[in-house]
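Here the structure comes first, spelled out in structure tokens, and everything after it is commentary.
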Amino acid sequence: MLLMLCSLTAAIAQKRNRIMMLRGHIMLIVDINTSKTEIDSLLKVGGVTGQTADMLLHGNYKPAIKDGWNVKAKKNIIKLDRSLSDTGQNTQITPYLLSSNVYKNNSRAGYPADVAYGVNNFSRVTVHELPSGLTRFFVPGNTQVKRVQLSGNFNNWSTIKGNMNRTDSGWVYDMRLEAGKYYYKLIIGGNWTADTYNNLTEDDGLGNTNSVYYRYNYTFRLAGYPSARKVSVTGTFNKGAEIPMRLKDGLWEGQLYLHDGNYLYRFMVNGSPITDPANKLTQKQNNVLNSVLLMGENITFKLNGYTNARKVYVTGGFSNWDADMLPLTKTATGWVLPYTISAGNYQYKFIVDGQWITDPANPHQISTDGKTNSFLVVRPNRTFTLKGYSAAHTVRLTGDFINWNEQGYTLEHRGDEWTISLRLKPGKYLYKFLIDGNWILDPGNKQWEQNQFGTGNSVLWIE
């Protein structure tokens, strides 16, 4: 026990906010000098019901105590502790710490960061895709142990899920994964370890390593060149690095995980660059011709009227506001352009014979720095709705996701509702509505917290 306490004291000196699972107990270590957002994240993942960072920092521990937690405050540290037998949560054979870069990001593919691409690197392949669409994890040998478990951000680092099945040559576990980047570890006979056959690892924030696996979603293909010594692909997604391709059934192929986005790329054949002969979409960069790859949602930009215009373009955040990149095609009733855009929130405008205009068919707008642009969201994951207020002229949404810009996002009025959809990354957000300039909390959201003005902010969690 003395050794355990000494180790814990040393760990607290090195780390700030953490969750610890230690000998049948779950313990939350809270540093009061960190942000309320980070503390709220810790409390939420730790399962402290009803307790908020604001209450905790003001010495109000009643919700945590009522929920069965022991709370101790000393200097800048607040400790919350309770037995795992009371919570029904994962039990641990050995102490295990979840660092902030684990609990903030949960199990989303592609997180903790929106990585542009990824290629696996195994000395012996222990993770591979099955024809059924499942992903198989394999642990060779270790047949003498009673249990082997697979834990990662795909199952919230669980120690009760992921029990692998014993075979005559090792242990296997099959699961369905979406394309993306995943972190994982193995628990072999109660001991946590990285996959020793996986050369791709990252620091887990605690001085150890997580194994990294990319589930692929794209294959580059190049026909011909059967006698080529070396073929690779390079592009803006990997900053010019070359990804080797292999000859298979008369095609050179290179598989990888590729995040939604617009990319320039070229093939390298025996060191000589060529564009993709199967892709007609090209673009010059620094006077070098590249093939263009678009991954994301298919969007059609339409501008009705202006049939006497000579040229019409669309530009916005999806094209780095390049005024000459995306020309629309003239139709009998106006102008049109199909285009592929990755998931996100974007501002945009049309350029009609050199004049910049907002989209007259889009009621959603945003104003920044005195400029008003049309607003587009691709693959939204949250719709904000305000009922009533039919006599209002303008309803806007603002919050910390837009730096509390008072112009905010303009909502659309339909029937008895004002609505707007956004795409937000996982995390905690604070927001309010502005009705003809008057700030109000979201009446449809019971979650809120006090602010420095005493007027409160609505609270939203995106999982």
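Note on naming: chains are A, B, ... as they come in the structure tokens, residues start from 1 per chain, ligands start from 1 in the order shown.
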Using only C-alpha atoms, which protein or nucleic acid residues come within 12 Å of Asn238 (chain A)? Drop anything in the same chain fewer than 3 positions from it, and give the result as a PDB file with N, CA and C atoms, in the first residue's frame.
```pdb
ATOM      1  N   VAL A 115      -6.548  12.944 -39.486  1.00  0.00           N
ATOM      2  CA  VAL A 115      -5.356  12.632 -40.268  1.00  0.00           C
ATOM      3  C   VAL A 115      -5.714  12.553 -41.743  1.00  0.00           C
ATOM      4  N   ALA A 116      -4.842  13.074 -42.583  1.00  0.00           N
ATOM      5  CA  ALA A 116      -5.126  13.105 -44.020  1.00  0.00           C
ATOM      6  C   ALA A 116      -5.030  11.712 -44.629  1.00  0.00           C
ATOM      7  N   TYR A 117      -4.059  10.927 -44.196  1.00  0.00           N
ATOM      8  CA  TYR A 117      -3.898   9.597 -44.768  1.00  0.00           C
ATOM      9  C   TYR A 117      -3.134   8.714 -43.788  1.00  0.00           C
ATOM     10  N   GLY A 118      -3.118   7.420 -44.078  1.00  0.00           N
ATOM     11  CA  GLY A 118      -2.351   6.499 -43.249  1.00  0.00           C
ATOM     12  C   GLY A 118      -2.085   5.201 -43.985  1.00  0.00           C
ATOM     13  N   VAL A 119      -0.891   4.641 -43.759  1.00  0.00           N
ATOM     14  CA  VAL A 119      -0.492   3.368 -44.354  1.00  0.00           C
ATOM     15  C   VAL A 119       0.056   2.484 -43.244  1.00  0.00           C
ATOM     16  N   VAL A 233       2.830   6.383 -55.698  1.00  0.00           N
ATOM     17  CA  VAL A 233       1.913   7.506 -55.815  1.00  0.00           C
ATOM     18  C   VAL A 233       2.298   8.545 -54.776  1.00  0.00           C
ATOM     19  N   THR A 234       2.196   9.796 -55.151  1.00  0.00           N
ATOM     20  CA  THR A 234       2.528  10.886 -54.240  1.00  0.00           C
ATOM     21  C   THR A 234       1.496  11.986 -54.415  1.00  0.00           C
ATOM     22  N   GLY A 235       1.229  12.745 -53.361  1.00  0.00           N
ATOM     23  CA  GLY A 235       0.208  13.782 -53.462  1.00  0.00           C
ATOM     24  C   GLY A 235       0.240  14.763 -52.311  1.00  0.00           C
ATOM     25  N   ALA A 241       5.520  12.716 -50.128  1.00  0.00           N
ATOM     26  CA  ALA A 241       6.161  11.419 -49.873  1.00  0.00           C
ATOM     27  C   ALA A 241       5.588  10.382 -50.842  1.00  0.00           C
ATOM     28  N   GLU A 242       6.357   9.345 -51.115  1.00  0.00           N
ATOM     29  CA  GLU A 242       5.933   8.339 -52.077  1.00  0.00           C
ATOM     30  C   GLU A 242       5.408   7.094 -51.378  1.00  0.00           C
ATOM     31  N   ILE A 243       4.236   6.610 -51.827  1.00  0.00           N
ATOM     32  CA  ILE A 243       3.655   5.373 -51.314  1.00  0.00           C
ATOM     33  C   ILE A 243       3.861   4.292 -52.367  1.00  0.00           C
ATOM     34  N   LEU A 256      -4.552   2.656 -49.021  1.00  0.00           N
ATOM     35  CA  LEU A 256      -4.291   3.533 -47.882  1.00  0.00           C
ATOM     36  C   LEU A 256      -5.609   4.009 -47.306  1.00  0.00           C
ATOM     37  N   TYR A 257      -5.532   4.582 -46.104  1.00  0.00           N
ATOM     38  CA  TYR A 257      -6.668   5.318 -45.555  1.00  0.00           C
ATOM     39  C   TYR A 257      -6.525   6.762 -46.012  1.00  0.00           C
ATOM     40  N   LEU A 258      -7.613   7.310 -46.546  1.00  0.00           N
ATOM     41  CA  LEU A 258      -7.588   8.678 -47.052  1.00  0.00           C
ATOM     42  C   LEU A 258      -8.800   9.417 -46.521  1.00  0.00           C
ATOM     43  N   HIS A 259      -8.560  10.496 -45.788  1.00  0.00           N
ATOM     44  CA  HIS A 259      -9.636  11.302 -45.226  1.00  0.00           C
ATOM     45  C   HIS A 259     -10.349  12.067 -46.338  1.00  0.00           C
ATOM     46  N   TYR A 263      -7.592  16.517 -53.226  1.00  0.00           N
ATOM     47  CA  TYR A 263      -6.150  16.286 -53.272  1.00  0.00           C
ATOM     48  C   TYR A 263      -5.610  16.346 -54.705  1.00  0.00           C
ATOM     49  N   LEU A 264      -4.362  16.761 -54.813  1.00  0.00           N
ATOM     50  CA  LEU A 264      -3.613  16.651 -56.058  1.00  0.00           C
ATOM     51  C   LEU A 264      -2.664  15.469 -55.923  1.00  0.00           C
ATOM     52  N   TYR A 265      -2.497  14.709 -57.003  1.00  0.00           N
ATOM     53  CA  TYR A 265      -1.607  13.548 -56.919  1.00  0.00           C
ATOM     54  C   TYR A 265      -1.006  13.240 -58.283  1.00  0.00           C
ATOM     55  N   ARG A 266       0.075  12.461 -58.257  1.00  0.00           N
ATOM     56  CA  ARG A 266       0.746  11.979 -59.462  1.00  0.00           C
ATOM     57  C   ARG A 266       1.280  10.586 -59.198  1.00  0.00           C
TER      58      ARG A 266
END
```
Compile a residue-level contact table for region 347-380 of chain A against region 400-403 of chain A at a cut-off of 12 Å, reporting for every qualifying residue the shortest atom pair and its distance in Å to one decimal, with only C-alpha atoms counted, rows ordered by chain and ascending number, as a Markdown table.
```
| residue | atom | partner | partner_atom | distance |
| --- | --- | --- | --- | --- |
| A:Ile366 | CA | A:Ile402 | CA | 10.1 |
| A:Ser367 | CA | A:Ile402 | CA | 10.8 |
| A:Thr368 | CA | A:Ile402 | CA | 9.9 |
```
Please dump the current selection as a PDB file, in the first residue's frame; keep N, CA and C atoms.
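Result file out.pdb:
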```
ATOM      1  N   ILE A 366     -23.595  34.000 -42.729  1.00  0.00           N
ATOM      2  CA  ILE A 366     -22.738  34.330 -41.596  1.00  0.00           C
ATOM      3  C   ILE A 366     -21.966  35.595 -41.940  1.00  0.00           C
ATOM      4  N   SER A 367     -21.846  36.483 -40.957  1.00  0.00           N
ATOM      5  CA  SER A 367     -21.129  37.749 -41.163  1.00  0.00           C
ATOM      6  C   SER A 367     -19.897  37.792 -40.272  1.00  0.00           C
ATOM      7  N   THR A 368     -18.756  38.057 -40.878  1.00  0.00           N
ATOM      8  CA  THR A 368     -17.497  38.224 -40.142  1.00  0.00           C
ATOM      9  C   THR A 368     -16.718  39.356 -40.770  1.00  0.00           C
TER      10      THR A 368
END
```
Notebook entry, point to check: Of the candidates A:Leu150, A:Leu386, A:Leu28, A:Val139, which shows the shortest atom-to-atom distance to Tyr197 (chain A), using only C-alpha atoms?
Noted result: A:Val139
Margin query: Which residues are near Trp171 (chain A)? Cut-off 10 Å, only C-alpha atoms, ignore same chain within fewer than 4 positions. Put them as a PyMOL selection string.
Written below: chain A and resi 137-143+147-150+163-167
Take the residues from that selection and write them out as a PDB file, in the first residue's frame, keeping C-alpha atoms.
```
ATOM      1  CA  PHE A 137      -6.984  -8.972 -35.100  1.00  0.00           C
ATOM      2  CA  PHE A 138      -4.565 -11.870 -34.518  1.00  0.00           C
ATOM      3  CA  VAL A 139      -2.172 -12.548 -31.627  1.00  0.00           C
ATOM      4  CA  PRO A 140       0.249 -15.357 -32.479  1.00  0.00           C
ATOM      5  CA  GLY A 141       1.132 -17.902 -29.778  1.00  0.00           C
ATOM      6  CA  ASN A 142       0.466 -17.175 -26.103  1.00  0.00           C
ATOM      7  CA  THR A 143      -1.626 -20.352 -25.946  1.00  0.00           C
ATOM      8  CA  ARG A 147      -7.214 -14.990 -21.565  1.00  0.00           C
ATOM      9  CA  VAL A 148      -6.175 -12.444 -24.199  1.00  0.00           C
ATOM     10  CA  GLN A 149      -8.165  -9.252 -24.714  1.00  0.00           C
ATOM     11  CA  LEU A 150      -8.195  -6.539 -27.352  1.00  0.00           C
ATOM     12  CA  ASN A 163     -12.218 -11.198 -25.298  1.00  0.00           C
ATOM     13  CA  MET A 164     -10.258 -12.921 -28.076  1.00  0.00           C
ATOM     14  CA  ASN A 165     -10.919 -16.496 -29.197  1.00  0.00           C
ATOM     15  CA  ARG A 166      -8.246 -19.162 -28.746  1.00  0.00           C
ATOM     16  CA  THR A 167      -7.050 -21.048 -31.835  1.00  0.00           C
TER      17      THR A 167
END
```
Check: DSSP on the backbone: what in region 178-305 of chain A comes out strand (DSSP E or B), as a PyMOL selection string?
Finding: chain A and resi 180-188+191-193+198+201-203+209-215+218-223+231-235+243-244+246-248+251-258+261-269+272-274+282-285+288-295+297-304
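If you measure from each of A:Ile39, A:Ile420, A:Val336, A:Leu289 to Thr52 (chain A) using only C-alpha atoms, the closest one turns out to be A:Ile39.
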Next item on the list: Just list the residues in region 28-269 of chain A DSSP gives helix (DSSP H, G or I) on the backbone, as a ChimeraX atom specification.
Entry: /A:36-46,53-57,62-66,84-87,100-103,236-238
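You will find CA of Lys44 (chain A) at 24.9 Å from CA of Asn208 (chain A).
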Next item on the list: Please provide the set of residues having any atom within 12 Å of Met268 (chain A), restricted to only C-alpha atoms, with same-chain residues fewer than 3 positions apart removed, written as a list in words.
Entry: Leu222, Tyr225, Ala228, Arg229, Lys230, Val231, Ser232, Val233, Thr234, Gly235, Gly240, Ala241, Glu242, Ile243, Pro244, Met245, Trp252, Tyr265, Gly271, Ser272, Pro273, Ile274, Thr275, Asp276 and Asn290 of chain A
Output file for the residues above (C-alpha atoms, as an mmCIF file, in the first residue's frame):
```
data_model
loop_
_atom_site.group_PDB
_atom_site.id
_atom_site.type_symbol
_atom_site.label_atom_id
_atom_site.label_comp_id
_atom_site.auth_asym_id
_atom_site.auth_seq_id
_atom_site.Cartn_x
_atom_site.Cartn_y
_atom_site.Cartn_z
ATOM 1 C CA LEU A 222 -2.480 2.430 -62.619
ATOM 2 C CA TYR A 225 3.821 -0.528 -67.200
ATOM 3 C CA ALA A 228 8.465 -1.001 -64.504
ATOM 4 C CA ARG A 229 10.931 -1.490 -61.674
ATOM 5 C CA LYS A 230 9.176 0.849 -59.243
ATOM 6 C CA VAL A 231 5.780 2.549 -59.234
ATOM 7 C CA SER A 232 4.500 4.800 -56.455
ATOM 8 C CA VAL A 233 1.913 7.506 -55.815
ATOM 9 C CA THR A 234 2.528 10.886 -54.240
ATOM 10 C CA GLY A 235 0.208 13.782 -53.462
ATOM 11 C CA GLY A 240 5.036 14.657 -51.515
ATOM 12 C CA ALA A 241 6.161 11.419 -49.873
ATOM 13 C CA GLU A 242 5.933 8.339 -52.077
ATOM 14 C CA ILE A 243 3.655 5.373 -51.314
ATOM 15 C CA PRO A 244 4.883 2.183 -53.031
ATOM 16 C CA MET A 245 2.446 0.378 -55.336
ATOM 17 C CA TRP A 252 -0.335 -1.318 -60.052
ATOM 18 C CA TYR A 265 -1.607 13.548 -56.919
ATOM 19 C CA GLY A 271 11.156 8.016 -60.919
ATOM 20 C CA SER A 272 9.283 9.875 -63.692
ATOM 21 C CA PRO A 273 6.012 11.664 -62.760
ATOM 22 C CA ILE A 274 2.817 11.110 -64.777
ATOM 23 C CA THR A 275 -0.804 12.091 -64.272
ATOM 24 C CA ASP A 276 -3.476 9.429 -63.851
ATOM 25 C CA ASN A 290 -1.475 16.981 -61.357
#
```
Note to self: Can you pull out the residues contacting region 212-217 of chain A? Cut-off 10 Å, using only C-alpha atoms, and skip same-chain residues under 2 positions away; I want them as a PyMOL selection string.
What the structure shows: chain A and resi 109-110+117-122+127-129+135+152+177-185+194-195+198-202+209-210+219+255-259
Kindly export the residues of the current selection with C-alpha atoms, as a CSV table (one decimal), in the first residue's frame.
```csv
chain,number,residue,atom,x,y,z
A,109,ALA,CA,-12.4,6.9,-36.4
A,110,GLY,CA,-9.8,9.4,-37.5
A,117,TYR,CA,-3.9,9.6,-44.8
A,118,GLY,CA,-2.4,6.5,-43.2
A,119,VAL,CA,-0.5,3.4,-44.4
A,120,ASN,CA,0.0,0.3,-42.1
A,121,ASN,CA,3.5,-1.1,-41.3
A,122,PHE,CA,3.7,-4.7,-40.0
A,127,VAL,CA,-4.5,-7.2,-38.5
A,128,HIS,CA,-6.2,-7.7,-41.8
A,129,GLU,CA,-9.5,-7.3,-43.6
A,135,THR,CA,-11.5,-6.7,-39.5
A,152,GLY,CA,-8.7,0.2,-28.1
A,177,LEU,CA,-14.8,-1.1,-38.3
A,178,GLU,CA,-15.4,2.0,-40.4
A,179,ALA,CA,-12.5,3.4,-42.4
A,180,GLY,CA,-10.2,5.5,-40.2
A,181,LYS,CA,-7.4,5.5,-37.7
A,182,TYR,CA,-7.5,3.3,-34.6
A,183,TYR,CA,-5.4,2.9,-31.5
A,184,TYR,CA,-5.2,-0.4,-29.7
A,185,LYS,CA,-3.4,-2.5,-27.1
A,194,ALA,CA,1.4,-3.1,-27.7
A,195,ASP,CA,1.3,-5.3,-30.7
A,198,ASN,CA,3.0,-3.7,-35.6
A,199,ASN,CA,5.8,-1.1,-36.4
A,200,LEU,CA,3.3,1.7,-36.3
A,201,THR,CA,3.0,3.2,-32.8
A,202,GLU,CA,2.3,6.5,-31.1
A,209,THR,CA,2.9,3.3,-26.8
A,210,ASN,CA,-0.4,2.4,-28.5
A,219,THR,CA,-7.0,2.2,-53.7
A,255,GLN,CA,-4.0,1.0,-50.7
A,256,LEU,CA,-4.3,3.5,-47.9
A,257,TYR,CA,-6.7,5.3,-45.6
A,258,LEU,CA,-7.6,8.7,-47.1
A,259,HIS,CA,-9.6,11.3,-45.2
```
Next item on the list: Tell me which protein, DNA and RNA residues are within 12 Å of Ser35 (chain A), counting only C-alpha atoms, leaving out same-chain ones fewer than 2 positions away, and put them as a list in words.
Entry: Arg16, Asn17, Val30, Asp31, Ile32, Asn33, Thr37, Glu38, Ile39, Asp40, Ser41, Leu42, Ala53, Asp54, Leu57 and Lys428 of chain A
May I have the selected residues written with N, CA and C atoms, as a PDB file, in the first residue's frame?
```pdb
ATOM      1  N   ARG A  16      -1.813  16.061 -14.963  1.00  0.00           N
ATOM      2  CA  ARG A  16      -2.840  16.951 -14.426  1.00  0.00           C
ATOM      3  C   ARG A  16      -4.161  16.189 -14.313  1.00  0.00           C
ATOM      4  N   ASN A  17      -5.117  16.429 -15.178  1.00  0.00           N
ATOM      5  CA  ASN A  17      -6.397  15.734 -15.096  1.00  0.00           C
ATOM      6  C   ASN A  17      -6.284  14.314 -15.630  1.00  0.00           C
ATOM      7  N   VAL A  30      -8.369  15.863 -10.463  1.00  0.00           N
ATOM      8  CA  VAL A  30      -8.756  17.119 -11.102  1.00  0.00           C
ATOM      9  C   VAL A  30      -7.827  18.236 -10.650  1.00  0.00           C
ATOM     10  N   ASP A  31      -7.175  18.890 -11.596  1.00  0.00           N
ATOM     11  CA  ASP A  31      -6.352  20.063 -11.324  1.00  0.00           C
ATOM     12  C   ASP A  31      -7.220  21.292 -11.551  1.00  0.00           C
ATOM     13  N   ILE A  32      -7.465  22.074 -10.511  1.00  0.00           N
ATOM     14  CA  ILE A  32      -8.397  23.198 -10.612  1.00  0.00           C
ATOM     15  C   ILE A  32      -7.867  24.321 -11.499  1.00  0.00           C
ATOM     16  N   ASN A  33      -6.605  24.254 -11.875  1.00  0.00           N
ATOM     17  CA  ASN A  33      -6.043  25.291 -12.734  1.00  0.00           C
ATOM     18  C   ASN A  33      -6.271  25.027 -14.218  1.00  0.00           C
ATOM     19  N   THR A  37     -13.753  23.248 -19.489  1.00  0.00           N
ATOM     20  CA  THR A  37     -14.103  22.295 -20.544  1.00  0.00           C
ATOM     21  C   THR A  37     -13.409  20.960 -20.332  1.00  0.00           C
ATOM     22  N   GLU A  38     -12.118  21.005 -19.993  1.00  0.00           N
ATOM     23  CA  GLU A  38     -11.374  19.760 -19.777  1.00  0.00           C
ATOM     24  C   GLU A  38     -11.879  19.042 -18.535  1.00  0.00           C
ATOM     25  N   ILE A  39     -12.195  19.799 -17.482  1.00  0.00           N
ATOM     26  CA  ILE A  39     -12.709  19.176 -16.257  1.00  0.00           C
ATOM     27  C   ILE A  39     -14.066  18.551 -16.518  1.00  0.00           C
ATOM     28  N   ASP A  40     -14.932  19.253 -17.250  1.00  0.00           N
ATOM     29  CA  ASP A  40     -16.242  18.688 -17.587  1.00  0.00           C
ATOM     30  C   ASP A  40     -16.098  17.405 -18.394  1.00  0.00           C
ATOM     31  N   SER A  41     -15.113  17.369 -19.308  1.00  0.00           N
ATOM     32  CA  SER A  41     -14.869  16.156 -20.090  1.00  0.00           C
ATOM     33  C   SER A  41     -14.491  14.999 -19.185  1.00  0.00           C
ATOM     34  N   LEU A  42     -13.623  15.268 -18.221  1.00  0.00           N
ATOM     35  CA  LEU A  42     -13.177  14.230 -17.282  1.00  0.00           C
ATOM     36  C   LEU A  42     -14.350  13.719 -16.459  1.00  0.00           C
ATOM     37  N   ALA A  53     -18.021  21.218 -13.690  1.00  0.00           N
ATOM     38  CA  ALA A  53     -16.757  21.856 -13.334  1.00  0.00           C
ATOM     39  C   ALA A  53     -16.999  23.112 -12.523  1.00  0.00           C
ATOM     40  N   ASP A  54     -18.012  23.884 -12.912  1.00  0.00           N
ATOM     41  CA  ASP A  54     -18.292  25.135 -12.218  1.00  0.00           C
ATOM     42  C   ASP A  54     -18.637  24.880 -10.750  1.00  0.00           C
ATOM     43  N   LEU A  57     -15.404  23.685  -8.846  1.00  0.00           N
ATOM     44  CA  LEU A  57     -14.439  24.754  -8.577  1.00  0.00           C
ATOM     45  C   LEU A  57     -14.934  25.728  -7.512  1.00  0.00           C
ATOM     46  N   LYS A 428     -17.372  19.491 -25.935  1.00  0.00           N
ATOM     47  CA  LYS A 428     -18.365  20.326 -25.248  1.00  0.00           C
ATOM     48  C   LYS A 428     -18.417  21.698 -25.901  1.00  0.00           C
TER      49      LYS A 428
END
```
Item checked: Spatial neighbours of region 318-329 of chain A, 7 Å, only C-alpha atoms, chain gap at least 6 places, as a ChimeraX atom specification -> /A:312,335-337,341,346
